[in-house]
>>> print(open('run01.txt').read())   # compact mmCIF, N, CA and C atoms
# COMPACT_ATOMS: atom_id res chain seq x y z
N MET A 902 -15.78 -17.77 -22.26
CA MET A 902 -15.01 -18.93 -21.88
C MET A 902 -14.22 -19.43 -23.10
N GLY A 903 -12.95 -19.71 -22.93
CA GLY A 903 -12.09 -20.13 -24.04
C GLY A 903 -12.41 -21.54 -24.51
N GLU A 904 -12.12 -21.77 -25.76
CA GLU A 904 -12.34 -23.10 -26.33
C GLU A 904 -11.18 -24.02 -25.95
N LEU A 905 -11.51 -25.26 -25.72
CA LEU A 905 -10.48 -26.26 -25.44
C LEU A 905 -9.77 -26.61 -26.74
N PRO A 906 -8.45 -26.81 -26.68
CA PRO A 906 -7.74 -27.18 -27.90
C PRO A 906 -8.15 -28.56 -28.37
N PHE A 907 -8.12 -28.76 -29.66
CA PHE A 907 -8.46 -30.05 -30.25
C PHE A 907 -7.18 -30.78 -30.58
N PHE A 908 -7.01 -31.96 -30.03
CA PHE A 908 -5.82 -32.75 -30.30
C PHE A 908 -6.21 -33.94 -31.17
N ARG A 909 -5.41 -34.20 -32.16
CA ARG A 909 -5.67 -35.33 -33.03
C ARG A 909 -4.57 -36.35 -32.83
N VAL A 910 -4.95 -37.51 -32.35
CA VAL A 910 -4.04 -38.63 -32.18
C VAL A 910 -4.45 -39.66 -33.21
N ARG A 911 -3.48 -40.21 -33.91
CA ARG A 911 -3.83 -41.22 -34.91
C ARG A 911 -2.90 -42.42 -34.77
N THR A 912 -3.38 -43.53 -35.25
CA THR A 912 -2.53 -44.71 -35.25
C THR A 912 -1.49 -44.55 -36.35
N ALA A 913 -0.37 -45.21 -36.17
CA ALA A 913 0.74 -45.07 -37.11
C ALA A 913 1.09 -46.44 -37.69
N LEU A 914 1.79 -46.42 -38.81
CA LEU A 914 2.26 -47.67 -39.41
C LEU A 914 3.43 -48.19 -38.60
N HIS A 915 3.41 -49.47 -38.31
CA HIS A 915 4.48 -50.08 -37.52
C HIS A 915 5.74 -50.25 -38.37
N PRO A 916 6.92 -49.99 -37.78
CA PRO A 916 8.15 -50.27 -38.51
C PRO A 916 8.26 -51.77 -38.80
N ASP A 917 8.80 -52.14 -39.95
CA ASP A 917 9.01 -53.55 -40.27
C ASP A 917 10.11 -54.16 -39.41
N HIS A 918 11.17 -53.38 -39.17
CA HIS A 918 12.31 -53.84 -38.38
C HIS A 918 12.80 -52.71 -37.48
N LEU A 919 13.33 -53.08 -36.35
CA LEU A 919 14.06 -52.16 -35.48
C LEU A 919 15.37 -52.84 -35.12
N TRP A 920 16.49 -52.17 -35.40
CA TRP A 920 17.81 -52.71 -35.11
C TRP A 920 18.48 -51.85 -34.05
N ILE A 921 19.21 -52.49 -33.14
CA ILE A 921 19.97 -51.69 -32.18
C ILE A 921 21.08 -50.97 -32.93
N TRP A 922 21.25 -49.70 -32.63
CA TRP A 922 22.30 -48.91 -33.26
C TRP A 922 23.42 -48.65 -32.26
N GLU A 923 23.00 -48.22 -31.11
CA GLU A 923 23.89 -48.05 -29.98
C GLU A 923 23.05 -48.26 -28.74
N LYS A 924 23.67 -48.36 -27.58
CA LYS A 924 22.91 -48.66 -26.38
C LYS A 924 21.75 -47.68 -26.23
N ALA A 925 20.57 -48.23 -26.04
CA ALA A 925 19.34 -47.47 -25.84
C ALA A 925 18.90 -46.66 -27.06
N THR A 926 19.32 -47.07 -28.24
CA THR A 926 18.85 -46.43 -29.47
C THR A 926 18.67 -47.50 -30.55
N TYR A 927 17.47 -47.54 -31.11
CA TYR A 927 17.16 -48.43 -32.22
C TYR A 927 16.91 -47.59 -33.47
N VAL A 928 17.09 -48.19 -34.64
CA VAL A 928 16.85 -47.52 -35.92
C VAL A 928 15.92 -48.40 -36.74
N ASP A 929 14.94 -47.78 -37.41
CA ASP A 929 14.04 -48.56 -38.28
C ASP A 929 14.50 -48.47 -39.73
N GLU A 930 13.74 -49.10 -40.61
CA GLU A 930 14.11 -49.17 -42.02
C GLU A 930 14.07 -47.81 -42.72
N LYS A 931 13.46 -46.82 -42.09
CA LYS A 931 13.43 -45.47 -42.66
C LYS A 931 14.46 -44.56 -41.99
N GLN A 932 15.39 -45.17 -41.24
CA GLN A 932 16.46 -44.46 -40.53
C GLN A 932 15.93 -43.53 -39.44
N ARG A 933 14.75 -43.83 -38.92
CA ARG A 933 14.22 -43.07 -37.79
C ARG A 933 14.73 -43.73 -36.51
N THR A 934 15.00 -42.92 -35.50
CA THR A 934 15.52 -43.45 -34.24
C THR A 934 14.41 -43.63 -33.22
N TRP A 935 14.53 -44.70 -32.43
CA TRP A 935 13.55 -45.07 -31.41
C TRP A 935 14.29 -45.27 -30.10
N LEU A 936 13.77 -44.68 -29.05
CA LEU A 936 14.37 -44.77 -27.73
C LEU A 936 13.48 -45.64 -26.83
N PRO A 937 14.02 -46.73 -26.29
CA PRO A 937 13.22 -47.63 -25.47
C PRO A 937 13.21 -47.23 -24.00
N ILE A 938 12.05 -47.35 -23.38
CA ILE A 938 11.90 -47.17 -21.94
C ILE A 938 11.30 -48.47 -21.42
N THR A 939 12.06 -49.20 -20.62
CA THR A 939 11.61 -50.50 -20.12
C THR A 939 10.75 -50.32 -18.87
N ILE A 940 9.63 -51.05 -18.85
CA ILE A 940 8.69 -51.01 -17.73
C ILE A 940 8.53 -52.44 -17.23
N GLU A 941 9.03 -52.71 -16.04
CA GLU A 941 8.96 -54.06 -15.50
C GLU A 941 7.97 -54.08 -14.35
N THR A 942 6.97 -54.97 -14.45
CA THR A 942 6.00 -55.15 -13.37
C THR A 942 6.11 -56.58 -12.87
N GLU A 943 5.34 -56.91 -11.86
CA GLU A 943 5.36 -58.28 -11.34
C GLU A 943 4.88 -59.29 -12.38
N SER A 944 3.97 -58.85 -13.25
CA SER A 944 3.36 -59.81 -14.18
C SER A 944 3.83 -59.68 -15.63
N SER A 945 4.54 -58.61 -15.98
CA SER A 945 4.93 -58.48 -17.38
C SER A 945 6.13 -57.56 -17.56
N LEU A 946 6.69 -57.65 -18.76
CA LEU A 946 7.76 -56.75 -19.18
C LEU A 946 7.23 -55.98 -20.38
N GLN A 947 7.28 -54.67 -20.28
CA GLN A 947 6.82 -53.82 -21.37
C GLN A 947 7.95 -52.88 -21.76
N VAL A 948 7.88 -52.42 -22.99
CA VAL A 948 8.84 -51.41 -23.45
C VAL A 948 8.08 -50.36 -24.25
N LEU A 949 8.27 -49.12 -23.85
CA LEU A 949 7.70 -48.00 -24.59
C LEU A 949 8.77 -47.54 -25.57
N MET A 950 8.49 -47.69 -26.85
CA MET A 950 9.41 -47.24 -27.89
C MET A 950 8.95 -45.84 -28.31
N HIS A 951 9.81 -44.86 -28.06
CA HIS A 951 9.50 -43.46 -28.37
C HIS A 951 10.33 -43.04 -29.58
N GLN A 952 9.65 -42.67 -30.66
CA GLN A 952 10.35 -42.25 -31.87
C GLN A 952 10.74 -40.79 -31.70
N GLU A 953 12.04 -40.57 -31.69
CA GLU A 953 12.57 -39.23 -31.55
C GLU A 953 13.85 -39.13 -32.37
N ASP A 954 13.99 -38.05 -33.11
CA ASP A 954 15.19 -37.87 -33.91
C ASP A 954 16.35 -37.49 -33.00
N VAL A 955 17.36 -38.34 -32.96
CA VAL A 955 18.56 -38.07 -32.18
C VAL A 955 19.77 -38.28 -33.09
N PRO A 956 20.84 -37.54 -32.86
CA PRO A 956 22.04 -37.75 -33.67
C PRO A 956 22.62 -39.14 -33.40
N LEU A 957 23.02 -39.80 -34.46
CA LEU A 957 23.56 -41.15 -34.33
C LEU A 957 25.08 -41.12 -34.34
N GLY A 958 25.64 -41.89 -33.44
CA GLY A 958 27.08 -42.11 -33.47
C GLY A 958 27.35 -43.29 -34.38
N GLU A 959 28.49 -43.90 -34.20
CA GLU A 959 28.84 -45.07 -34.99
C GLU A 959 28.05 -46.28 -34.48
N ALA A 960 27.56 -47.09 -35.39
CA ALA A 960 26.79 -48.27 -35.01
C ALA A 960 27.66 -49.25 -34.23
N VAL A 961 27.05 -49.90 -33.24
CA VAL A 961 27.77 -50.91 -32.49
C VAL A 961 27.60 -52.27 -33.15
N CYS A 962 28.58 -53.09 -33.01
CA CYS A 962 28.51 -54.46 -33.51
C CYS A 962 27.76 -55.28 -32.46
N PRO A 963 26.72 -56.01 -32.85
CA PRO A 963 25.94 -56.78 -31.86
C PRO A 963 26.78 -57.69 -30.99
N SER A 964 27.89 -58.19 -31.51
CA SER A 964 28.70 -59.12 -30.72
C SER A 964 29.43 -58.43 -29.57
N VAL A 965 29.52 -57.10 -29.60
CA VAL A 965 30.20 -56.40 -28.51
C VAL A 965 29.23 -55.67 -27.58
N VAL A 966 27.93 -55.81 -27.81
CA VAL A 966 26.95 -55.19 -26.93
C VAL A 966 26.93 -55.98 -25.62
N ALA A 967 27.08 -55.28 -24.52
CA ALA A 967 27.03 -55.92 -23.21
C ALA A 967 25.66 -56.58 -23.04
N PRO A 968 25.53 -57.50 -22.11
CA PRO A 968 24.21 -58.10 -21.90
C PRO A 968 23.14 -57.02 -21.83
N TYR A 969 22.12 -57.19 -22.65
CA TYR A 969 21.09 -56.17 -22.81
C TYR A 969 19.73 -56.82 -22.60
N PRO A 970 18.85 -56.21 -21.83
CA PRO A 970 17.57 -56.87 -21.49
C PRO A 970 16.57 -56.95 -22.63
N LEU A 971 16.81 -56.22 -23.72
CA LEU A 971 15.87 -56.21 -24.84
C LEU A 971 16.52 -56.88 -26.05
N PRO A 972 15.70 -57.36 -26.99
CA PRO A 972 16.26 -57.94 -28.22
C PRO A 972 17.11 -56.92 -28.97
N LEU A 973 18.11 -57.40 -29.68
CA LEU A 973 18.96 -56.51 -30.47
C LEU A 973 18.30 -56.14 -31.80
N MET A 974 17.29 -56.94 -32.20
CA MET A 974 16.55 -56.67 -33.43
C MET A 974 15.11 -57.13 -33.21
N TRP A 975 14.18 -56.37 -33.77
CA TRP A 975 12.76 -56.70 -33.72
C TRP A 975 12.26 -56.80 -35.15
N GLN A 976 11.42 -57.78 -35.44
CA GLN A 976 10.82 -57.94 -36.77
C GLN A 976 9.31 -58.01 -36.62
N LEU A 977 8.60 -57.22 -37.42
CA LEU A 977 7.14 -57.21 -37.38
C LEU A 977 6.59 -58.54 -37.88
N TYR A 978 5.67 -59.10 -37.12
CA TYR A 978 5.01 -60.36 -37.47
C TYR A 978 3.52 -60.10 -37.61
N PRO A 979 2.80 -61.01 -38.27
CA PRO A 979 1.34 -60.85 -38.35
C PRO A 979 0.71 -60.89 -36.96
N GLY A 980 -0.44 -60.29 -36.85
CA GLY A 980 -1.17 -60.33 -35.59
C GLY A 980 -0.74 -59.27 -34.60
N ARG A 981 -0.30 -58.10 -35.10
CA ARG A 981 0.10 -56.98 -34.24
C ARG A 981 1.13 -57.39 -33.19
N ARG A 982 2.22 -57.98 -33.67
CA ARG A 982 3.28 -58.37 -32.73
C ARG A 982 4.64 -58.31 -33.42
N TYR A 983 5.66 -58.30 -32.60
CA TYR A 983 7.04 -58.34 -33.06
C TYR A 983 7.70 -59.61 -32.53
N ARG A 984 8.67 -60.10 -33.30
CA ARG A 984 9.52 -61.18 -32.82
C ARG A 984 10.91 -60.61 -32.64
N GLY A 985 11.47 -60.86 -31.46
CA GLY A 985 12.81 -60.37 -31.16
C GLY A 985 13.87 -61.33 -31.66
N SER A 986 15.09 -60.83 -31.77
CA SER A 986 16.21 -61.66 -32.21
C SER A 986 16.52 -62.77 -31.20
N ASP A 987 15.98 -62.66 -30.00
CA ASP A 987 16.15 -63.70 -28.98
C ASP A 987 14.97 -64.69 -28.98
N SER A 988 14.15 -64.65 -30.03
CA SER A 988 12.97 -65.51 -30.23
C SER A 988 11.78 -65.15 -29.35
N SER A 989 11.85 -64.04 -28.65
CA SER A 989 10.71 -63.60 -27.84
C SER A 989 9.66 -62.95 -28.74
N PHE A 990 8.40 -63.00 -28.29
CA PHE A 990 7.32 -62.34 -29.01
C PHE A 990 6.77 -61.21 -28.15
N TRP A 991 6.43 -60.12 -28.81
CA TRP A 991 5.96 -58.91 -28.14
C TRP A 991 4.68 -58.43 -28.81
N ARG A 992 3.65 -58.23 -28.02
CA ARG A 992 2.36 -57.75 -28.51
C ARG A 992 2.40 -56.22 -28.59
N ILE A 993 1.86 -55.69 -29.69
CA ILE A 993 1.75 -54.23 -29.81
C ILE A 993 0.48 -53.82 -29.05
N VAL A 994 0.67 -53.18 -27.91
CA VAL A 994 -0.46 -52.72 -27.09
C VAL A 994 -1.10 -51.51 -27.76
N TYR A 995 -0.28 -50.56 -28.14
CA TYR A 995 -0.75 -49.42 -28.93
C TYR A 995 0.43 -48.80 -29.68
N HIS A 996 0.11 -48.07 -30.72
CA HIS A 996 1.10 -47.33 -31.50
C HIS A 996 0.39 -46.09 -32.02
N ILE A 997 0.75 -44.95 -31.47
CA ILE A 997 0.07 -43.70 -31.82
C ILE A 997 1.08 -42.66 -32.32
N GLN A 998 0.55 -41.73 -33.07
CA GLN A 998 1.34 -40.58 -33.53
C GLN A 998 0.63 -39.33 -33.07
N PHE A 999 1.42 -38.42 -32.46
CA PHE A 999 0.86 -37.19 -31.93
C PHE A 999 1.91 -36.09 -32.08
N SER A 1000 1.53 -35.02 -32.69
CA SER A 1000 2.43 -33.86 -32.89
C SER A 1000 3.76 -34.26 -33.51
N GLY A 1001 3.73 -35.15 -34.47
CA GLY A 1001 4.93 -35.50 -35.20
C GLY A 1001 5.83 -36.55 -34.57
N THR A 1002 5.49 -37.01 -33.37
CA THR A 1002 6.28 -38.08 -32.76
C THR A 1002 5.39 -39.30 -32.56
N GLU A 1003 6.03 -40.45 -32.40
CA GLU A 1003 5.29 -41.70 -32.23
C GLU A 1003 5.69 -42.37 -30.92
N ASP A 1004 4.72 -43.04 -30.33
CA ASP A 1004 4.95 -43.91 -29.18
C ASP A 1004 4.33 -45.26 -29.49
N MET A 1005 5.08 -46.31 -29.19
CA MET A 1005 4.60 -47.67 -29.41
C MET A 1005 4.90 -48.47 -28.14
N LEU A 1006 3.85 -49.00 -27.52
CA LEU A 1006 4.01 -49.80 -26.31
C LEU A 1006 3.96 -51.27 -26.69
N LEU A 1007 5.03 -51.99 -26.34
CA LEU A 1007 5.13 -53.43 -26.60
C LEU A 1007 5.12 -54.17 -25.26
N GLU A 1008 4.47 -55.32 -25.25
CA GLU A 1008 4.42 -56.15 -24.05
C GLU A 1008 4.89 -57.55 -24.40
N GLN A 1009 5.86 -58.05 -23.64
CA GLN A 1009 6.39 -59.39 -23.91
C GLN A 1009 5.32 -60.42 -23.60
N LEU A 1010 5.12 -61.34 -24.53
CA LEU A 1010 4.15 -62.40 -24.34
C LEU A 1010 4.75 -63.48 -23.44
N PRO A 1011 3.93 -64.09 -22.58
CA PRO A 1011 4.43 -65.10 -21.66
C PRO A 1011 5.09 -66.27 -22.40
N ASP A 1012 6.08 -66.84 -21.76
CA ASP A 1012 6.81 -68.01 -22.30
C ASP A 1012 7.39 -67.76 -23.68
N SER A 1013 7.79 -66.50 -23.93
CA SER A 1013 8.32 -66.24 -25.26
C SER A 1013 9.80 -65.93 -25.25
N GLY A 1014 10.40 -65.84 -24.08
CA GLY A 1014 11.83 -65.54 -24.02
C GLY A 1014 12.67 -66.79 -24.08
N CYS A 1015 13.96 -66.62 -24.11
CA CYS A 1015 14.86 -67.77 -24.14
C CYS A 1015 15.67 -67.79 -22.86
N GLU A 1016 14.99 -67.63 -21.72
CA GLU A 1016 15.68 -67.53 -20.44
C GLU A 1016 16.20 -68.87 -19.98
>>> encode(input="run01.txt", output="structure tokens")
Amino acid sequence: MGELPFFRVRTALHPDHLWIWEKATYVDEKQRTWLPITIETESSLQVLMHQEDVPLGEAVCPSVVAPYPLPLMWQLYPGRRYRGSDSSFWRIVYHIQFSGTEDMLLEQLPDSGCE
């Protein structure tokens, strides 16, 4: 009987900042690209940030970005959370690294948006 493969998943260091570069692409302070996948449920808004190297075009100016459901910039705050440029707070549910890529699931905290 064959042996099952051993997978090692580890936690990763959180980026200090994530800035929108172009629609659906964020860049961190190490110039790594992150692709957001928005998950909307009845009770919460979550975003899965998937770190994947993609070619970057020219950066967009935040003032010309069409209405966008996510913050244009995220800043790491104490207590495993991010604060968005729209003053929203997001809890880091998990942040893992596996086979050279990272996934970070963020969940918007209640009453944290500027709606």
>>> atom_distance(input="run01.txt", atom1="atom CA of A:Gln932", atom2="atom N of A:Leu946")
27.3 Å
>>> closest_residue(input="run01.txt", among="A:Ile997, A:Ile938, A:Val966, A:Leu1007", to="A:Glu923", atoms="only C-alpha atoms")
A:Val966
>>> closest_residue(input="run01.txt", among="A:Gln952, A:Glu943, A:Ile993, A:Ala913", to="A:Val928", atoms="only C-alpha atoms")
A:Gln952
>>> axis_aligned_box(input="run01.txt", around="stretch 1003-1014 of chain A", padding_each_side="4 Å", output="JSON")
{"center_x": 8.3, "center_y": -54.2, "center_z": -27.0, "size_x": 16.8, "size_y": 35.6, "size_z": 18.7}
>>> select_by_dssp(input="run01.txt", residues="chain A", states="strand (DSSP E or B)", output="PyMOL selection string")
chain A and resi 911-912+918-923+926-929+934-941+946-952+974-978+982-985+990-999+1002-1009
>>> closest_residue(input="run01.txt", among="A:Tyr995, A:Leu949, A:Glu1008, A:Ser988", to="A:Leu973", atoms="only C-alpha atoms")
A:Ser988
>>> atom_distance(input="run01.txt", atom1="atom N of A:Ala960", atom2="atom CA of A:Asp987")
21.1 Å
>>> atom_distance(input="run01.txt", atom1="atom N of A:Arg984", atom2="atom N of A:Trp920")
11.3 Å
>>> closest_residue(input="run01.txt", among="A:Gln976, A:Glu1003, A:Gln1009, A:Arg982", to="A:Trp935", atoms="only C-alpha atoms")
A:Glu1003
>>> closest_residue(input="run01.txt", among="A:Arg933, A:Trp991, A:Asp954, A:Leu919", to="A:Pro1011", atoms="all atoms listed in the file")
A:Trp991
>>> closest_residue(input="run01.txt", among="A:Gly958, A:Leu971, A:Leu977, A:Gln998", to="A:Pro916", atoms="only N, CA and C atoms")
A:Leu977
